[in-house]
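Written out below as structure tokens is the structure these notes cover.
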Number of protein chains: 2
Amino acid sequence: MTTIKRIVLASRPTAEPSAENFRQEETDLRDAGAGDVTLRVLYLSLDPYMRGRMSDAKSYAAPVPVDGIMEGETICEVVKSRHNGFAPGEIVRGRTGWCTGAVINGDVLRKVDTHGAPITTAVGVLGMPGFTAWSGLKFIGQPKAGETVAVAAASGPVGSMVGQLARLAGARAVGIAGGPDKCAFVKNALGFDAVVDHRSKNFASDIDVACPQGIDVYFESVGGHVWDGVLPRLNQFARVPVCGLVAQYNGAGQTDADRLPTTMSVILRRSVLVRGFIQTEFAAEHFDTFLNEIGPRVAAGEIRYREDVVEGLANAPAAFVGMLKGASFGKVIVRVASGA
Amino acid sequence: MTTIKRIVLASRPTAEPSAENFRQEETDLRDAGAGDVTLRVLYLSLDPYMRGRMSDAKSYAAPVPVDGIMEGETICEVVKSRHNGFAPGEIVRGRTGWCTGAVINGDVLRKVDTHGAPITTAVGVLGMPGFTAWSGLKFIGQPKAGETVAVAAASGPVGSMVGQLARLAGARAVGIAGGPDKCAFVKNALGFDAVVDHRSKNFASDIDVACPQGIDVYFESVGGHVWDGVLPRLNQFARVPVCGLVAQYNGAGQTDADRLPTTMSVILRRSVLVRGFIQTEFAAEHFDTFLNEIGPRVAAGEIRYREDVVEGLANAPAAFVGMLKGASFGKVIVRVASGA
């Protein structure tokens, strides 16, 4: 295994990315030095933040350079190890990028421990998306029993956890999702109290019906017309953790209701808290607490999740482009090693 | 003193209010019952929130009805008392509205104690505006030593306190004000580290010069183009207490930069906290702490303030209209009792 496949950023998209912005190529692995671990990639996680890395606009993280490998987190098997902490056959997660294999210093790897749940959960319900939900609720949303928690992209890896945690806190969980299949999943499989289809012509009034007491916590990851619908329904002292704005990543059109004075007026009039955050702010201090609290519940089936598995690295770009449009259903994972 | 003058809301403004939206009339005081206190109004406080009360748009407080007396806080002398807590000659503050005298139940009055500072400070630097500044910084802005605190309307009663408290916390205080006189006052009399004139053609680059390390806390009370200028200069983890949006109260025109996605994108990318609030949220628990901490400093001249005194109740409407346009300079107070 000295030659691997990888996917690089061929060009920066100006609006919606397309498969042409990516290029697959073959390359040789570098020689492993002291402390290095040689990895076979089993699974690649696809996540909306990657759209930001494709752009060179100012952000909290540096962009992927053109012709550079696409960033991403993977679940890998250790093939060879020159690091004391890892042995061949162990399963680890690391930021190898979109590739089939890598040589990487072991210090930045983390052994996968999912408390008995499948290893793919380490990049989903028990990984970054799950922790985003957990920390955004714990430190910003802080739902109380009897309150209403609404969440965008409710069938996705963050949203599905948000609603389930809200219910564990005694709150009413209202999911927002696109289309009847996702809505049925949110209501029936995930057990949310109510669900609203944002593609409905009656989206605004449907929210009113689903949230008769208004919205106390809105967990935002979408923006655009979903935010327009939620904004006027926020209660006083509502809390709005913002972990993404996927509907706006591609510079999509804005409606009249998108205008700042409306937003700011509501924030003012209802003493609303809007707080952007990235889960890394909390991870160093709190990730282990999260894992110990949630891992056993996932392993026991008390907390449910859905994965959308794509076969083969070559299909990663199309899957990623589709995910940004809402075509995926659940946590998107690419099976890089056939038979993994 | 059975006949008083009062100012009522004659009609609701659709944009900028004008003197025609107000009407002065005479009326007889009602008879005082058990628990009532008969008051002679010495000073009326004019504050931007009153613009909200003139409108019947949904808000945190009920609107003033058409033909109803304009709401407002006053400094009064007790003329007669049928309440055990008050005696003739005492100075109190209460929400009598825009009038020269009132009969009111004593339970809703508060004796004025300004630690030796002039009694007008009870509606200014030691009253609602001062407490708005103090509580917004203490519970939301939380400036740390070495950080940069920018504040809109810096020569006004809230802004002037914000900057001085920021300096006491070891932060760099940058005021934003309109015109050379106010800017000079902010820099020289109040002792801010820097000041920016929002009427300058170079407003945006002037902020850059005044805030070479960006902005960690922005205390918002203006909105509009001032917010547009500040927004791109907010640092990661910036905190934005929002206590008003005076530039937008009249439905003024918006710029392209007012659009929501820009605001929300910055909130997200820089983990910004934006929090609307009304000082009443904190007052019951914390007002006494504020007064004991700040009162002696005001009385000793360590914390400075400026009052803009208008003579006579009949001039209150014009003064109020001017205040919303930025024509006032310092805390606006109407001297209702000549010679007070």
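Residue numbers start at 1 in each chain; chains themselves are named A, B, ... in the order of the structure tokens; ligands are numbered from 1 in the order shown.
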Contact residues around segment 4-12 of chain A with only C-alpha atoms at 9 Å, ignoring same-chain residues under 4 positions, as number ranges by chain:
A: 17, 20-29, 54-56, 64-71, 97-102, 313-314, 316-317
Just the selected residues (C-alpha atoms), exported as a PDB file, in the first residue's frame, please.
```
ATOM      1  CA  PRO A  17     -20.027  23.525  -5.926  1.00  0.00           C
ATOM      2  CA  GLU A  20     -15.857  19.724 -11.556  1.00  0.00           C
ATOM      3  CA  ASN A  21     -14.451  21.521  -8.505  1.00  0.00           C
ATOM      4  CA  PHE A  22     -12.876  18.214  -7.427  1.00  0.00           C
ATOM      5  CA  ARG A  23     -10.242  15.949  -9.001  1.00  0.00           C
ATOM      6  CA  GLN A  24      -9.225  12.440  -8.028  1.00  0.00           C
ATOM      7  CA  GLU A  25      -5.560  11.553  -8.387  1.00  0.00           C
ATOM      8  CA  GLU A  26      -3.106   8.890  -7.322  1.00  0.00           C
ATOM      9  CA  THR A  27      -0.054   9.578  -5.225  1.00  0.00           C
ATOM     10  CA  ASP A  28       2.585   7.674  -3.299  1.00  0.00           C
ATOM     11  CA  LEU A  29       2.535   7.620   0.467  1.00  0.00           C
ATOM     12  CA  MET A  54     -13.467  25.359  -0.452  1.00  0.00           C
ATOM     13  CA  SER A  55     -13.721  29.154  -0.267  1.00  0.00           C
ATOM     14  CA  ASP A  56     -10.954  31.612   0.495  1.00  0.00           C
ATOM     15  CA  VAL A  64      -7.954  24.245   1.383  1.00  0.00           C
ATOM     16  CA  PRO A  65      -5.439  25.396  -1.226  1.00  0.00           C
ATOM     17  CA  VAL A  66      -6.290  24.775  -4.872  1.00  0.00           C
ATOM     18  CA  ASP A  67      -4.755  21.395  -5.821  1.00  0.00           C
ATOM     19  CA  GLY A  68      -4.609  20.549  -2.112  1.00  0.00           C
ATOM     20  CA  ILE A  69      -6.297  17.479  -0.645  1.00  0.00           C
ATOM     21  CA  MET A  70      -9.848  18.100   0.596  1.00  0.00           C
ATOM     22  CA  GLU A  71      -9.997  18.252   4.384  1.00  0.00           C
ATOM     23  CA  GLY A  97      -8.642  14.219   4.299  1.00  0.00           C
ATOM     24  CA  TRP A  98     -10.447  12.616   1.346  1.00  0.00           C
ATOM     25  CA  CYS A  99      -8.175   9.670   0.580  1.00  0.00           C
ATOM     26  CA  THR A 100      -7.796   5.922   0.778  1.00  0.00           C
ATOM     27  CA  GLY A 101      -4.729   5.902   2.981  1.00  0.00           C
ATOM     28  CA  ALA A 102      -2.263   8.128   4.825  1.00  0.00           C
ATOM     29  CA  LEU A 313     -14.214   7.611  -2.648  1.00  0.00           C
ATOM     30  CA  ALA A 314     -14.872   8.526  -6.274  1.00  0.00           C
ATOM     31  CA  ALA A 316     -17.602  11.631  -2.530  1.00  0.00           C
ATOM     32  CA  PRO A 317     -17.786  14.849  -4.580  1.00  0.00           C
TER      33      PRO A 317
END
```
Segment 35-52 of chain B: which residues within 7 Å, counting only C-alpha atoms, same-chain residues fewer than 4 positions away excluded, as a PyMOL selection string?
chain B and resi 72-83+98+100-106+123+246+249+320+324+332-337+340
List every residue of segment 21-248 of chain A that DSSP, applied to the backbone, labels as strand (DSSP E), and write the result as JSON, numbers by chain.
{"A": [22, 23, 24, 25, 26, 27, 28, 36, 37, 38, 39, 40, 41, 42, 43, 44, 45, 74, 75, 76, 77, 78, 79, 80, 81, 91, 92, 93, 94, 101, 102, 103, 104, 105, 110, 111, 148, 149, 150, 151, 172, 173, 174, 175, 176, 177, 194, 195, 196, 197, 215, 216, 217, 218, 219, 234, 235, 236, 237, 238, 239, 240, 241, 242]}
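The coordinates place atom CA of Ile140 of chain B at 19.9 Å from atom CA of Pro232 of chain B.
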Do a neighbour search on Leu273 of chain B at 12 Å with only C-alpha atoms, toss out local chain neighbours closer than 6 positions, and write the hits as a ChimeraX atom specification.
/A:140,239-242,267,272-277 /B:140-142,216-219,234-242,263-264,266-267
Write out as a list in words the residues lying within 12 Å of Asp288 of chain B, counting only C-alpha atoms and excluding same-chain residues fewer than 6 positions away.
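Here the qualifying residues turn out to be Arg110, Asp113, Thr114, Leu126, Gly127, Phe131, Trp134, Ser135, Phe282, Ile294 and Gly295 of chain B.
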Next, dump the selected residues to file, keeping only C-alpha atoms, as a PDB file, in the first residue's frame.
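The new file selection.pdb reads:
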```
ATOM      1  CA  ARG B 110     -39.040  55.176  44.952  1.00  0.00           C
ATOM      2  CA  ASP B 113     -31.059  58.732  46.863  1.00  0.00           C
ATOM      3  CA  THR B 114     -28.165  59.843  44.730  1.00  0.00           C
ATOM      4  CA  LEU B 126     -27.741  56.858  38.470  1.00  0.00           C
ATOM      5  CA  GLY B 127     -31.038  55.794  36.961  1.00  0.00           C
ATOM      6  CA  PHE B 131     -28.111  50.924  34.982  1.00  0.00           C
ATOM      7  CA  TRP B 134     -23.823  48.801  33.960  1.00  0.00           C
ATOM      8  CA  SER B 135     -25.990  45.697  33.640  1.00  0.00           C
ATOM      9  CA  PHE B 282     -31.868  42.661  35.920  1.00  0.00           C
ATOM     10  CA  ILE B 294     -21.633  53.796  41.239  1.00  0.00           C
ATOM     11  CA  GLY B 295     -23.420  56.450  43.329  1.00  0.00           C
TER      12      GLY B 295
END
```
So the first atom is atom CA of Ile119 of chain B and the second is atom CA of Gly33 of chain B; what is the distance between them in Å, to one decimal place?
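It comes out at 27.5 Å.
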Which residues come within 10 Å of Thr148 of chain A, counting only C-alpha atoms, excluding same-chain residues fewer than 4 positions away, as a PDB file with N, CA and C atoms, in the first residue's frame?
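Written output follows (out31.pdb):
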```pdb
ATOM      1  N   PRO A 143     -32.232  24.267  27.225  1.00  0.00           N
ATOM      2  CA  PRO A 143     -33.685  24.100  27.295  1.00  0.00           C
ATOM      3  C   PRO A 143     -34.138  23.660  28.681  1.00  0.00           C
ATOM      4  N   LYS A 144     -35.274  24.192  29.086  1.00  0.00           N
ATOM      5  CA  LYS A 144     -35.862  23.808  30.367  1.00  0.00           C
ATOM      6  C   LYS A 144     -37.117  22.967  30.104  1.00  0.00           C
ATOM      7  N   ALA A 166     -33.346  17.388  23.621  1.00  0.00           N
ATOM      8  CA  ALA A 166     -34.371  18.306  24.117  1.00  0.00           C
ATOM      9  C   ALA A 166     -35.463  17.523  24.845  1.00  0.00           C
ATOM     10  N   ARG A 167     -35.866  16.404  24.257  1.00  0.00           N
ATOM     11  CA  ARG A 167     -36.891  15.591  24.904  1.00  0.00           C
ATOM     12  C   ARG A 167     -36.386  15.003  26.225  1.00  0.00           C
ATOM     13  N   GLY A 170     -36.961  17.242  28.925  1.00  0.00           N
ATOM     14  CA  GLY A 170     -38.355  17.545  29.248  1.00  0.00           C
ATOM     15  C   GLY A 170     -38.972  18.623  28.383  1.00  0.00           C
ATOM     16  N   ALA A 171     -38.273  18.996  27.320  1.00  0.00           N
ATOM     17  CA  ALA A 171     -38.796  20.030  26.430  1.00  0.00           C
ATOM     18  C   ALA A 171     -39.586  19.401  25.283  1.00  0.00           C
ATOM     19  N   ARG A 172     -40.358  20.231  24.594  1.00  0.00           N
ATOM     20  CA  ARG A 172     -41.085  19.814  23.399  1.00  0.00           C
ATOM     21  C   ARG A 172     -40.151  19.982  22.213  1.00  0.00           C
ATOM     22  N   ALA A 173     -39.931  18.891  21.459  1.00  0.00           N
ATOM     23  CA  ALA A 173     -39.001  18.928  20.328  1.00  0.00           C
ATOM     24  C   ALA A 173     -39.772  19.053  19.025  1.00  0.00           C
ATOM     25  N   VAL A 174     -39.470  20.117  18.269  1.00  0.00           N
ATOM     26  CA  VAL A 174     -40.115  20.339  16.979  1.00  0.00           C
ATOM     27  C   VAL A 174     -39.038  20.349  15.904  1.00  0.00           C
ATOM     28  N   ASP A 193     -41.802  15.561  19.002  1.00  0.00           N
ATOM     29  CA  ASP A 193     -43.209  15.843  19.298  1.00  0.00           C
ATOM     30  C   ASP A 193     -43.960  16.336  18.065  1.00  0.00           C
ATOM     31  N   ALA A 210     -47.321  23.791  15.036  1.00  0.00           N
ATOM     32  CA  ALA A 210     -46.400  22.879  15.731  1.00  0.00           C
ATOM     33  C   ALA A 210     -45.864  23.476  17.024  1.00  0.00           C
ATOM     34  N   CYS A 211     -45.875  24.802  17.109  1.00  0.00           N
ATOM     35  CA  CYS A 211     -45.296  25.500  18.270  1.00  0.00           C
ATOM     36  C   CYS A 211     -46.333  26.449  18.864  1.00  0.00           C
ATOM     37  N   PRO A 212     -47.394  25.916  19.439  1.00  0.00           N
ATOM     38  CA  PRO A 212     -48.457  26.811  19.929  1.00  0.00           C
ATOM     39  C   PRO A 212     -47.971  27.760  21.028  1.00  0.00           C
ATOM     40  N   GLN A 213     -46.903  27.415  21.717  1.00  0.00           N
ATOM     41  CA  GLN A 213     -46.351  28.294  22.761  1.00  0.00           C
ATOM     42  C   GLN A 213     -45.143  29.086  22.260  1.00  0.00           C
ATOM     43  N   GLY A 214     -44.949  29.173  20.966  1.00  0.00           N
ATOM     44  CA  GLY A 214     -43.764  29.853  20.440  1.00  0.00           C
ATOM     45  C   GLY A 214     -42.523  28.981  20.586  1.00  0.00           C
ATOM     46  N   ILE A 215     -41.374  29.573  20.340  1.00  0.00           N
ATOM     47  CA  ILE A 215     -40.111  28.832  20.320  1.00  0.00           C
ATOM     48  C   ILE A 215     -39.162  29.438  21.350  1.00  0.00           C
ATOM     49  N   ASP A 216     -38.669  28.595  22.250  1.00  0.00           N
ATOM     50  CA  ASP A 216     -37.756  29.068  23.290  1.00  0.00           C
ATOM     51  C   ASP A 216     -36.296  28.857  22.913  1.00  0.00           C
ATOM     52  N   VAL A 217     -36.034  27.758  22.233  1.00  0.00           N
ATOM     53  CA  VAL A 217     -34.677  27.480  21.748  1.00  0.00           C
ATOM     54  C   VAL A 217     -34.796  27.114  20.270  1.00  0.00           C
ATOM     55  N   TYR A 218     -34.057  27.808  19.448  1.00  0.00           N
ATOM     56  CA  TYR A 218     -33.998  27.421  18.034  1.00  0.00           C
ATOM     57  C   TYR A 218     -32.556  27.092  17.702  1.00  0.00           C
ATOM     58  N   LEU A 234     -39.967  33.449  17.697  1.00  0.00           N
ATOM     59  CA  LEU A 234     -39.099  33.318  18.866  1.00  0.00           C
ATOM     60  C   LEU A 234     -39.740  34.009  20.062  1.00  0.00           C
ATOM     61  N   ASN A 235     -39.707  33.346  21.192  1.00  0.00           N
ATOM     62  CA  ASN A 235     -40.209  33.933  22.430  1.00  0.00           C
ATOM     63  C   ASN A 235     -39.178  34.845  23.068  1.00  0.00           C
ATOM     64  N   ALA A 238     -35.583  33.824  24.100  1.00  0.00           N
ATOM     65  CA  ALA A 238     -35.217  32.688  23.270  1.00  0.00           C
ATOM     66  C   ALA A 238     -33.695  32.633  23.123  1.00  0.00           C
TER      67      ALA A 238
END
```
Val298 of chain B surroundings by only C-alpha atoms, 9 Å radius, close-in-sequence under 2 positions cut, as a PyMOL selection string
chain B and resi 114-117+121+125-126+294-296+300-305
Name the residues of segment 73-230 of chain A that fall into helix (DSSP H, G or I) according to DSSP on the backbone, using the chain letters and numbers of this document, as number ranges by chain.
A: 106-108, 119-123, 128-141, 157-168, 180-189, 203-210, 224-230
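Going from atom CA of Ala184 of chain B to atom CA of Val196 of chain B covers 10.0 Å.
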If we count only C-alpha atoms, what is near segment 157-163 of chain A at a cut-off of 6 Å, once residues fewer than 6 positions away on the same chain are taken out, given as a list of chain:residue names?
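Here the answer would be A:Pro129, A:Gly130, A:Ala133, A:Val151, A:Ala173, A:Gly330, A:Lys331.
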Store the residues picked out above in a file with N, CA and C atoms, as a CSV table (one decimal), in the first residue's frame.
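See again-v8.csv below for the written result:
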```
chain,number,residue,atom,x,y,z
A,129,PRO,N,-20.6,15.9,14.9
A,129,PRO,CA,-22.0,16.4,14.8
A,129,PRO,C,-22.8,16.2,16.1
A,130,GLY,N,-22.7,15.0,16.8
A,130,GLY,CA,-23.3,14.8,18.0
A,130,GLY,C,-22.9,15.8,19.1
A,133,ALA,N,-24.4,19.2,18.7
A,133,ALA,CA,-25.7,19.3,19.3
A,133,ALA,C,-25.7,19.4,20.8
A,151,VAL,N,-35.6,22.8,15.8
A,151,VAL,CA,-34.3,22.6,15.2
A,151,VAL,C,-34.4,22.4,13.7
A,173,ALA,N,-39.9,18.9,21.5
A,173,ALA,CA,-39.0,18.9,20.3
A,173,ALA,C,-39.8,19.1,19.0
A,330,GLY,N,-29.7,11.8,6.6
A,330,GLY,CA,-29.0,11.3,7.7
A,330,GLY,C,-27.5,11.7,7.5
A,331,LYS,N,-26.7,11.1,8.4
A,331,LYS,CA,-25.3,11.4,8.4
A,331,LYS,C,-24.6,10.8,7.2
```
For chain B, the nearest of the candidates A:Ala57, A:Gly175, A:Lys111, A:Val230, counting only C-alpha atoms
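The answer is A:Ala57, which sits nearest to chain B.
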